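Take a look at the structure set out below.
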Protein chains: 2
Amino acid sequence: MSASFHIGKLCIIGVGLIGGSVARALRESNSVDSIVGAGRNQANLQRAEALGVIDAYTTDIGKAVEGADLVLVAVPLGAMQSVFEQIKPHLSKKTIVTDVGSAKQSVIAAAQQNLDELFPRFVPGHPIAGTEKSGVEASFAELFQHRRVILTPAETTDQSALKTIESLWLACGAQVMKMDAVHHDAVLAATSHLPHMLAYALVDTLARMDDSQEIFDYAAGGFRDFTRIASSDPVMWHDICLANREQLVKVIRAFSDDLHRLCDAMEQGDSAFIKTTFTRAKKARDEFCG
Amino acid sequence: MSASFHIGKLCIIGVGLIGGSVARALRESNSVDSIVGAGRNQANLQRAEALGVIDAYTTDIGKAVEGADLVLVAVPLGAMQSVFEQIKPHLSKKTIVTDVGSAKQSVIAAAQQNLDELFPRFVPGHPIAGTEKSGVEASFAELFQHRRVILTPAETTDQSALKTIESLWLACGAQVMKMDAVHHDAVLAATSHLPHMLAYALVDTLARMDDSQEIFDYAAGGFRDFTRIASSDPVMWHDICLANREQLVKVIRAFSDDLHRLCDAMEQGDSAFIKTTFTRAKKARDEFCG
C-alpha cells in the first residue's frame with residue numbers, strides 16, 4: 001500500500017522533531033517530490049534546509065500552503081488555531097490538511113471553526129511516537145517505524161483524504177488505526193499525559209526542596225529513566241495539558257486518590273493491600289510492556 | 001585502597017541481585033577466599049553455586065555465619081529482624097556484619113535490638129544501585145561501578161569495622177559516603193521510594209481501568225521508561241515502603257498536594273504556573289541527570 005503513495009508538493013508547518021521526521025521518512029521512501037517548510041522560527045527553518053530535511057522554506061505560512069497537495073501541521077497545540085486561520089485563505093479545494101497534535105478534540109474544534117467549508121479535507125491525526133528531545137536536529141526517518149498513528153476522522157471527513165493520510169503514515173512505516181476523538185483524548189490522558197505530569201511534578205517537587213542538589217546527587221538509575229520525559233519541551237506540554245485539561249484533570253485527581261489510599265495502607269500497616277497493588281502492577285507492566 | 005582489602009570467609013545471606021553482584025565483584029577483584037551463601041530458597045542457592053557466584057551454601061543461616069569474617073545481609077527489609085535474631089548466637093566477636101537495605105532506621109533498630117553487645121560490629125549500608133530485575137541470575141560484577149554506597153554508622157559503630165566495609169565497597173568499584181540514617185531515609189524517600197510508588201500506582205491505576213488492554217496498547221516509549229521500575233520485586237518494595245513509611249507518606253502526601261495545585265492551574269487556565277513548573281522541572285532534570 002505504501003508503494004502507491006506519492007505526493008507532489010508537501011508543506012510542513014512546524015519543522016521540529018515530528019515534522020522533520022515525517023519529511024525524512026517520506027524522502028527515504030521516495031514518496032514526495034518537494035517539501036516546503038514553514039514556521040515562525042527562521043533559524044530553525046534554515047537549519048532544516050541545511051540538513052536537507054526540506055527543499056525550501058518561508059516564514060509566510062499562507063504563502064507556504066499555496067499549490068501544496070498536502071499540508072502537515074506539526075506545531076504545538078496552542079498554535080493550531082492561528083495556523084488554520086492563516087492558511088485558510090490560501091488553501092485550494094484539493095489540498096489535504098492533517099495534523100499531529102497529541103490531543104484531538106481541541107484541534108478538531110479549531111479546524112472546524114477556521115477551515116469552514118474545507119473542513120472535510122482535514123484529517124486529524126496523532127503519531128504515538130517521539131522522544132524527550134525536540135527540534136529538527138532530533139528528527140530521524142525511522143521515528144515512526146512500527147509505531148501507531150491514531151486518526152480521529154469526523155463524520156464529515158472526506159474518505160479519499162482519509163485514505164491519503166493513512167497511506168502517508170504507512171509510507172513512514174507506521175501502523176494506522178482509527179478512533180473517536182473523545183476516546184483518543186481519554187486514552188492518551190491516561191497513558192501519556194498523566195505520566196508526563198507525574199514526571200514534571202516529581203522533578204519540580206524535588207527541585208524545590210532545600211537540599212535539592214544533594215537529593216539529585218543520590219538519585220539512582222531508575223530515577224533517570226523515570227524522569228526522562230520531564231526533559232520534554234515545556235511549551236508543547238503546557239499546550240497539551242490545557243488542550244486536554246478535562247480528561248487530564250479527571251485522571252490526575254483519580255490517581256491522587258489512589259496515592260492517598262496507598263498512604264492510608266502504609267499508615268495502617270495493611271500489608272495485603274500494598275502487596276496486592278504492587279504485584280498487580282508488576283504483572284500488568286511485565287505483560288504489557290514485556 | 002581497594003588493593004588492601006581482603007577477607008577470608010564471606011557469608012552472604014540472601015544471594016539475589018545485590019548479594020550476588022557483591023559476590024561477583026569481590027571475586028573479580030580477588031578480594032575474597034571463599035563465599036558461603038545462605039537463605040531460605042534452596043533452588044536459588046543451588047543456582048548461585050552452579051553459576052559460580054558462591055562456593056557453598058546452606059539454608060541454615062546460623063550455621064552459615066560460623067567462622068565468617070564478614071557477613072553481608074542482603075535480604076528484603078522485612079526479613080532483617082529475623083536474620084539478626086537467627087545469626088546472633090553464632091557470630092564471633094570479630095565478625096563484621098553489614099547490610100544493603102534501602103531504608104536504614106528500621107534496620108539499625110532491628111540490629112540494635114537483636115545483635116545486642118555485637119551491635120558495634122554492625123555497619124549499616126545501602127548501595128544506590130540495582131535494576132528492576134531480581135534474583136541471582138540478574139547479578140553482575142559491574143553493578144556497583146561508579147555507584148554510590150551510603151553508610152549510616154551509629155555513634156557506637158566500631159571504626160575498624162566501618163573502614164573494612166568502606167574498603168569492601170571500594171573493591172566493588174563504588175564511591176562510599178557517610179550519612180545520618182534519618183537523613184538517608186528522607187533523601188531516599190524522595191529520590192527512590194516516591195518514584196517507585198508513583199510507577200506502581202500509575203500502572204495499577206491503568207490496569208484497573210475497564211479498557212486497560214487498549215490503554216496499554218497505546219502507551220508509547222516514554223511510558224515504558226517511566227514504568228520500568230514498576231517491574232521491581234513487589235515483596236522488596238512492600239518491605240521498603242513499610243520500613244520507611246513515615247518519611248514516605250510525608251513525601252507522597254506533599255506530592256499529591258502538588259498534583260492538585262497543577263490541576264487547579266489547568267482548570268483556571270493558569271498558563272504561567274504551568275509553564276513555570278514544567279520549565280523549572282526540565283531545567284532541573286537536564287542539569288542533574290545530564
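Going through the C-alpha cells in order, the chains are called A, B, and so on, while each chain numbers its residues from 1 and the ligands are numbered from 1 in the order shown.
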Identify all residues of range 177-244 of chain B in alpha helix (DSSP H) (DSSP on the backbone) and supply them as a ChimeraX atom specification. /B:181-188,194-207,212-217,221-227,234-243
Same residues, C-alpha atoms, output as a CSV table (one decimal), in the first residue's frame:
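The resulting result.csv:
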chain,number,residue,atom,x,y,z
B,181,ALA,CA,20.3,7.4,59.0
B,182,VAL,CA,17.4,9.8,59.4
B,183,HIS,CA,18.7,12.0,56.6
B,184,HIS,CA,19.3,8.9,54.4
B,185,ASP,CA,15.7,7.8,54.8
B,186,ALA,CA,14.4,11.2,54.0
B,187,VAL,CA,16.6,11.6,50.9
B,188,LEU,CA,15.8,8.1,49.6
B,194,LEU,CA,8.5,8.0,45.9
B,195,PRO,CA,9.2,7.3,42.2
B,196,HIS,CA,8.6,3.6,42.8
B,197,MET,CA,5.3,4.3,44.5
B,198,LEU,CA,4.3,6.5,41.5
B,199,ALA,CA,5.2,3.9,39.0
B,200,TYR,CA,3.4,1.1,40.8
B,201,ALA,CA,0.4,3.3,41.4
B,202,LEU,CA,0.2,4.5,37.8
B,203,VAL,CA,0.4,1.1,36.3
B,204,ASP,CA,-2.1,-0.2,38.8
B,205,THR,CA,-4.5,2.7,38.2
B,206,LEU,CA,-4.4,2.0,34.4
B,207,ALA,CA,-4.6,-1.8,34.9
B,212,SER,CA,-6.9,-1.4,30.3
B,213,GLN,CA,-5.8,-3.7,27.5
B,214,GLU,CA,-6.4,-1.0,24.9
B,215,ILE,CA,-4.8,1.6,27.2
B,216,PHE,CA,-1.6,-0.3,27.4
B,217,ASP,CA,-1.7,-0.9,23.6
B,221,GLY,CA,8.1,4.6,24.5
B,222,GLY,CA,8.0,7.2,27.3
B,223,PHE,CA,5.6,5.0,29.2
B,224,ARG,CA,7.9,2.1,29.0
B,225,ASP,CA,10.8,4.0,30.6
B,226,PHE,CA,8.6,5.7,33.1
B,227,THR,CA,7.1,2.5,34.4
B,234,PRO,CA,6.8,-6.4,44.9
B,235,VAL,CA,7.8,-8.0,48.2
B,236,MET,CA,11.0,-6.0,48.4
B,237,TRP,CA,9.1,-2.8,47.8
B,238,HIS,CA,6.3,-3.7,50.2
B,239,ASP,CA,9.1,-4.1,52.8
B,240,ILE,CA,10.7,-0.8,51.9
B,241,CYS,CA,7.5,1.2,52.0
B,242,LEU,CA,6.6,-0.1,55.4
B,243,ALA,CA,10.1,0.2,56.7
Near-Gly19 in chain B list (7 Å; only C-alpha atoms; drop same-chain fewer than 5 positions) as a list in words: Ile12, Gly14 and Ala74 of chain B
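Computed from the coordinates, the CA of Phe119 in chain A to CA of Leu168 in chain A distance equals 19.1 Å.
Distance annotation: of A:Arg253, A:Lys9, A:Arg261, A:His126, the residue with the minimal separation from chain B is A:Arg253; atom set is only C-alpha atoms.
Take CA of Ser139 in chain B and CA of Leu115 in chain B: the distance between them is 28.8 Å.
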Would you pick out the contacts of Arg121 in chain A at 10 Å or less, using only C-alpha atoms, so that residues sharing its chain but fewer than 3 positions from it are not included, and give the list as number ranges by chain? A: 70, 93-98, 115, 117-118, 124, 156-162
Residues from last step as file, N, CA and C atoms, as a PDB file, in the first residue's frame:
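Result saved to selection-v8.pdb:
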ATOM      1  N   LEU A  70      -0.553  18.639  -0.048  1.00  0.00           N
ATOM      2  CA  LEU A  70      -0.798  18.157   1.321  1.00  0.00           C
ATOM      3  C   LEU A  70      -0.102  19.095   2.305  1.00  0.00           C
ATOM      4  N   LYS A  93      -9.115  23.868  -2.934  1.00  0.00           N
ATOM      5  CA  LYS A  93     -10.131  22.901  -2.517  1.00  0.00           C
ATOM      6  C   LYS A  93      -9.592  21.475  -2.516  1.00  0.00           C
ATOM      7  N   LYS A  94      -8.533  21.252  -3.271  1.00  0.00           N
ATOM      8  CA  LYS A  94      -7.991  19.896  -3.386  1.00  0.00           C
ATOM      9  C   LYS A  94      -6.962  19.558  -2.307  1.00  0.00           C
ATOM     10  N   THR A  95      -6.437  20.595  -1.665  1.00  0.00           N
ATOM     11  CA  THR A  95      -5.386  20.359  -0.666  1.00  0.00           C
ATOM     12  C   THR A  95      -5.926  19.574   0.535  1.00  0.00           C
ATOM     13  N   ILE A  96      -5.157  18.571   0.918  1.00  0.00           N
ATOM     14  CA  ILE A  96      -5.496  17.820   2.134  1.00  0.00           C
ATOM     15  C   ILE A  96      -4.671  18.390   3.286  1.00  0.00           C
ATOM     16  N   VAL A  97      -5.315  18.582   4.416  1.00  0.00           N
ATOM     17  CA  VAL A  97      -4.618  19.105   5.594  1.00  0.00           C
ATOM     18  C   VAL A  97      -4.689  18.039   6.691  1.00  0.00           C
ATOM     19  N   THR A  98      -3.590  17.866   7.378  1.00  0.00           N
ATOM     20  CA  THR A  98      -3.586  16.941   8.516  1.00  0.00           C
ATOM     21  C   THR A  98      -2.732  17.532   9.625  1.00  0.00           C
ATOM     22  N   LEU A 115     -11.372  26.320   9.206  1.00  0.00           N
ATOM     23  CA  LEU A 115     -11.269  25.834   7.814  1.00  0.00           C
ATOM     24  C   LEU A 115     -12.623  25.845   7.123  1.00  0.00           C
ATOM     25  N   GLU A 117     -15.683  25.491   5.102  1.00  0.00           N
ATOM     26  CA  GLU A 117     -16.157  24.533   4.081  1.00  0.00           C
ATOM     27  C   GLU A 117     -15.040  23.580   3.647  1.00  0.00           C
ATOM     28  N   LEU A 118     -13.792  23.874   4.033  1.00  0.00           N
ATOM     29  CA  LEU A 118     -12.682  22.976   3.680  1.00  0.00           C
ATOM     30  C   LEU A 118     -12.442  21.929   4.779  1.00  0.00           C
ATOM     31  N   PRO A 124      -7.632  14.656  11.142  1.00  0.00           N
ATOM     32  CA  PRO A 124      -6.913  14.775  12.417  1.00  0.00           C
ATOM     33  C   PRO A 124      -6.106  13.506  12.700  1.00  0.00           C
ATOM     34  N   THR A 156     -17.885  13.982   8.856  1.00  0.00           N
ATOM     35  CA  THR A 156     -17.871  14.665   7.552  1.00  0.00           C
ATOM     36  C   THR A 156     -16.530  14.543   6.831  1.00  0.00           C
ATOM     37  N   THR A 157     -15.555  13.889   7.453  1.00  0.00           N
ATOM     38  CA  THR A 157     -14.230  13.822   6.828  1.00  0.00           C
ATOM     39  C   THR A 157     -14.287  13.073   5.489  1.00  0.00           C
ATOM     40  N   ASP A 158     -13.687  13.665   4.496  1.00  0.00           N
ATOM     41  CA  ASP A 158     -13.627  13.110   3.143  1.00  0.00           C
ATOM     42  C   ASP A 158     -12.884  11.764   3.161  1.00  0.00           C
ATOM     43  N   GLN A 159     -13.511  10.734   2.599  1.00  0.00           N
ATOM     44  CA  GLN A 159     -12.927   9.395   2.649  1.00  0.00           C
ATOM     45  C   GLN A 159     -11.626   9.279   1.851  1.00  0.00           C
ATOM     46  N   SER A 160     -11.539  10.011   0.744  1.00  0.00           N
ATOM     47  CA  SER A 160     -10.306   9.904  -0.048  1.00  0.00           C
ATOM     48  C   SER A 160      -9.151  10.634   0.657  1.00  0.00           C
ATOM     49  N   ALA A 161      -9.488  11.742   1.336  1.00  0.00           N
ATOM     50  CA  ALA A 161      -8.456  12.451   2.121  1.00  0.00           C
ATOM     51  C   ALA A 161      -7.961  11.539   3.247  1.00  0.00           C
ATOM     52  N   LEU A 162      -8.885  10.866   3.891  1.00  0.00           N
ATOM     53  CA  LEU A 162      -8.539   9.934   4.970  1.00  0.00           C
ATOM     54  C   LEU A 162      -7.612   8.830   4.459  1.00  0.00           C
TER      55      LEU A 162
END
Output as a PyMOL selection string all residues of range 66-134 of chain B that backbone DSSP marks as strand (DSSP E). chain B and resi 70-73+96-99+122-123+125-127
Dump as a PDB file, in the first residue's frame, selection limited to N, CA, C and O atoms:
ATOM      1  N   LEU B  70      33.166 -11.914  57.644  1.00  0.00           N
ATOM      2  CA  LEU B  70      32.260 -10.829  57.279  1.00  0.00           C
ATOM      3  C   LEU B  70      30.925 -11.432  56.838  1.00  0.00           C
ATOM      4  O   LEU B  70      30.898 -12.402  56.081  1.00  0.00           O
ATOM      5  N   VAL B  71      29.849 -10.869  57.340  1.00  0.00           N
ATOM      6  CA  VAL B  71      28.507 -11.320  56.956  1.00  0.00           C
ATOM      7  C   VAL B  71      27.784 -10.169  56.267  1.00  0.00           C
ATOM      8  O   VAL B  71      27.648  -9.081  56.828  1.00  0.00           O
ATOM      9  N   LEU B  72      27.367 -10.408  55.023  1.00  0.00           N
ATOM     10  CA  LEU B  72      26.601  -9.391  54.281  1.00  0.00           C
ATOM     11  C   LEU B  72      25.142  -9.842  54.260  1.00  0.00           C
ATOM     12  O   LEU B  72      24.819 -10.899  53.713  1.00  0.00           O
ATOM     13  N   VAL B  73      24.267  -9.046  54.861  1.00  0.00           N
ATOM     14  CA  VAL B  73      22.850  -9.396  54.894  1.00  0.00           C
ATOM     15  C   VAL B  73      22.137  -8.642  53.763  1.00  0.00           C
ATOM     16  O   VAL B  73      22.053  -7.422  53.777  1.00  0.00           O
ATOM     17  N   ILE B  96      32.396  -9.068  61.313  1.00  0.00           N
ATOM     18  CA  ILE B  96      31.753  -7.799  60.955  1.00  0.00           C
ATOM     19  C   ILE B  96      30.473  -8.129  60.190  1.00  0.00           C
ATOM     20  O   ILE B  96      30.465  -9.006  59.330  1.00  0.00           O
ATOM     21  N   VAL B  97      29.407  -7.427  60.523  1.00  0.00           N
ATOM     22  CA  VAL B  97      28.125  -7.646  59.854  1.00  0.00           C
ATOM     23  C   VAL B  97      27.736  -6.350  59.145  1.00  0.00           C
ATOM     24  O   VAL B  97      27.918  -5.257  59.678  1.00  0.00           O
ATOM     25  N   THR B  98      27.230  -6.472  57.932  1.00  0.00           N
ATOM     26  CA  THR B  98      26.741  -5.282  57.226  1.00  0.00           C
ATOM     27  C   THR B  98      25.481  -5.665  56.460  1.00  0.00           C
ATOM     28  O   THR B  98      25.161  -6.844  56.333  1.00  0.00           O
ATOM     29  N   ASP B  99      24.756  -4.659  55.997  1.00  0.00           N
ATOM     30  CA  ASP B  99      23.540  -4.941  55.236  1.00  0.00           C
ATOM     31  C   ASP B  99      23.475  -4.012  54.026  1.00  0.00           C
ATOM     32  O   ASP B  99      24.332  -3.138  53.860  1.00  0.00           O
ATOM     33  N   PHE B 122      28.302  -3.987  63.648  1.00  0.00           N
ATOM     34  CA  PHE B 122      27.352  -3.907  62.535  1.00  0.00           C
ATOM     35  C   PHE B 122      27.475  -2.550  61.847  1.00  0.00           C
ATOM     36  O   PHE B 122      27.391  -1.498  62.485  1.00  0.00           O
ATOM     37  N   VAL B 123      27.681  -2.578  60.504  1.00  0.00           N
ATOM     38  CA  VAL B 123      27.816  -1.351  59.724  1.00  0.00           C
ATOM     39  C   VAL B 123      26.649  -1.257  58.736  1.00  0.00           C
ATOM     40  O   VAL B 123      26.586  -2.006  57.775  1.00  0.00           O
ATOM     41  N   GLY B 125      24.556  -0.215  55.663  1.00  0.00           N
ATOM     42  CA  GLY B 125      24.948   0.310  54.351  1.00  0.00           C
ATOM     43  C   GLY B 125      23.831   0.212  53.329  1.00  0.00           C
ATOM     44  O   GLY B 125      22.886  -0.564  53.488  1.00  0.00           O
ATOM     45  N   HIS B 126      23.953   1.023  52.278  1.00  0.00           N
ATOM     46  CA  HIS B 126      22.953   0.995  51.210  1.00  0.00           C
ATOM     47  C   HIS B 126      23.588   1.367  49.873  1.00  0.00           C
ATOM     48  O   HIS B 126      23.868   2.538  49.614  1.00  0.00           O
ATOM     49  N   PRO B 127      23.829   0.375  49.021  1.00  0.00           N
ATOM     50  CA  PRO B 127      24.330   0.691  47.686  1.00  0.00           C
ATOM     51  C   PRO B 127      23.188   1.258  46.815  1.00  0.00           C
ATOM     52  O   PRO B 127      22.137   0.631  46.710  1.00  0.00           O
TER      53      PRO B 127
END
Using only C-alpha atoms for the distances, tell me which of A:Met80, A:Leu26, A:Ala220, A:Val251 is nearest to chain B. A:Ala220
Quick one: residues within 10 Å of Ile150 in chain A, only C-alpha atoms counted, chain neighbours fewer than 4 positions away excluded, as a ChimeraX atom specification? /A:100,102,104,124-128,166,169,174-181,184 /B:218
Could the residues in this selection be written to a file with N, CA and C atoms, as a PDB file, in the first residue's frame?
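Here's the written file result-v9.pdb:
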ATOM      1  N   VAL A 100      -0.640  16.604  13.719  1.00  0.00           N
ATOM      2  CA  VAL A 100      -0.027  15.555  14.538  1.00  0.00           C
ATOM      3  C   VAL A 100      -0.214  15.826  16.023  1.00  0.00           C
ATOM      4  N   SER A 102      -1.260  16.001  19.945  1.00  0.00           N
ATOM      5  CA  SER A 102      -1.394  14.938  20.946  1.00  0.00           C
ATOM      6  C   SER A 102      -2.760  14.911  21.621  1.00  0.00           C
ATOM      7  N   LYS A 104      -6.945  15.578  20.456  1.00  0.00           N
ATOM      8  CA  LYS A 104      -7.640  15.717  19.171  1.00  0.00           C
ATOM      9  C   LYS A 104      -8.888  16.586  19.206  1.00  0.00           C
ATOM     10  N   PRO A 124      -7.632  14.656  11.142  1.00  0.00           N
ATOM     11  CA  PRO A 124      -6.913  14.775  12.417  1.00  0.00           C
ATOM     12  C   PRO A 124      -6.106  13.506  12.700  1.00  0.00           C
ATOM     13  N   GLY A 125      -4.861  13.680  13.074  1.00  0.00           N
ATOM     14  CA  GLY A 125      -4.009  12.516  13.309  1.00  0.00           C
ATOM     15  C   GLY A 125      -3.073  12.715  14.486  1.00  0.00           C
ATOM     16  N   HIS A 126      -2.597  11.604  15.029  1.00  0.00           N
ATOM     17  CA  HIS A 126      -1.652  11.667  16.154  1.00  0.00           C
ATOM     18  C   HIS A 126      -0.708  10.464  16.122  1.00  0.00           C
ATOM     19  N   PRO A 127       0.531  10.689  15.709  1.00  0.00           N
ATOM     20  CA  PRO A 127       1.515   9.602  15.782  1.00  0.00           C
ATOM     21  C   PRO A 127       1.970   9.397  17.229  1.00  0.00           C
ATOM     22  N   ILE A 128       1.847   8.161  17.717  1.00  0.00           N
ATOM     23  CA  ILE A 128       2.274   7.853  19.101  1.00  0.00           C
ATOM     24  C   ILE A 128       3.769   7.568  19.044  1.00  0.00           C
ATOM     25  N   GLU A 166      -3.773   7.933   5.608  1.00  0.00           N
ATOM     26  CA  GLU A 166      -3.411   6.567   6.011  1.00  0.00           C
ATOM     27  C   GLU A 166      -2.168   6.114   5.248  1.00  0.00           C
ATOM     28  N   TRP A 169       1.142   7.682   6.381  1.00  0.00           N
ATOM     29  CA  TRP A 169       1.748   7.105   7.587  1.00  0.00           C
ATOM     30  C   TRP A 169       2.279   5.703   7.335  1.00  0.00           C
ATOM     31  N   ALA A 174       4.562   3.351   9.794  1.00  0.00           N
ATOM     32  CA  ALA A 174       3.699   3.271  10.980  1.00  0.00           C
ATOM     33  C   ALA A 174       2.519   2.334  10.757  1.00  0.00           C
ATOM     34  N   GLN A 175       1.880   1.965  11.868  1.00  0.00           N
ATOM     35  CA  GLN A 175       0.612   1.248  11.839  1.00  0.00           C
ATOM     36  C   GLN A 175      -0.480   2.292  12.055  1.00  0.00           C
ATOM     37  N   VAL A 176      -1.543   2.217  11.274  1.00  0.00           N
ATOM     38  CA  VAL A 176      -2.582   3.243  11.374  1.00  0.00           C
ATOM     39  C   VAL A 176      -3.860   2.656  11.969  1.00  0.00           C
ATOM     40  N   MET A 177      -4.425   3.351  12.949  1.00  0.00           N
ATOM     41  CA  MET A 177      -5.723   2.948  13.470  1.00  0.00           C
ATOM     42  C   MET A 177      -6.627   4.160  13.588  1.00  0.00           C
ATOM     43  N   LYS A 178      -7.933   3.878  13.609  1.00  0.00           N
ATOM     44  CA  LYS A 178      -8.892   4.970  13.714  1.00  0.00           C
ATOM     45  C   LYS A 178      -9.612   4.887  15.046  1.00  0.00           C
ATOM     46  N   MET A 179      -9.967   6.043  15.567  1.00  0.00           N
ATOM     47  CA  MET A 179     -10.583   6.101  16.886  1.00  0.00           C
ATOM     48  C   MET A 179     -11.413   7.363  16.976  1.00  0.00           C
ATOM     49  N   ASP A 180     -12.425   7.318  17.809  1.00  0.00           N
ATOM     50  CA  ASP A 180     -13.205   8.507  18.120  1.00  0.00           C
ATOM     51  C   ASP A 180     -12.323   9.513  18.882  1.00  0.00           C
ATOM     52  N   ALA A 181     -12.453  10.801  18.569  1.00  0.00           N
ATOM     53  CA  ALA A 181     -11.580  11.819  19.177  1.00  0.00           C
ATOM     54  C   ALA A 181     -11.728  11.877  20.702  1.00  0.00           C
ATOM     55  N   HIS A 184      -9.931   8.919  22.073  1.00  0.00           N
ATOM     56  CA  HIS A 184      -8.488   9.182  21.946  1.00  0.00           C
ATOM     57  C   HIS A 184      -7.987  10.032  23.111  1.00  0.00           C
TER      58      HIS A 184
ATOM     59  N   TYR B 218      -1.778   1.532  23.590  1.00  0.00           N
ATOM     60  CA  TYR B 218      -1.440   2.843  23.039  1.00  0.00           C
ATOM     61  C   TYR B 218      -0.358   3.571  23.816  1.00  0.00           C
TER      62      TYR B 218
END
Name all residues at most 9 Å from Thr131 in chain B (count only C-alpha atoms; drop same-chain ones fewer than 6 positions away) and give them as number ranges by chain. A: 221-222; B: 17, 138, 143, 229, 232
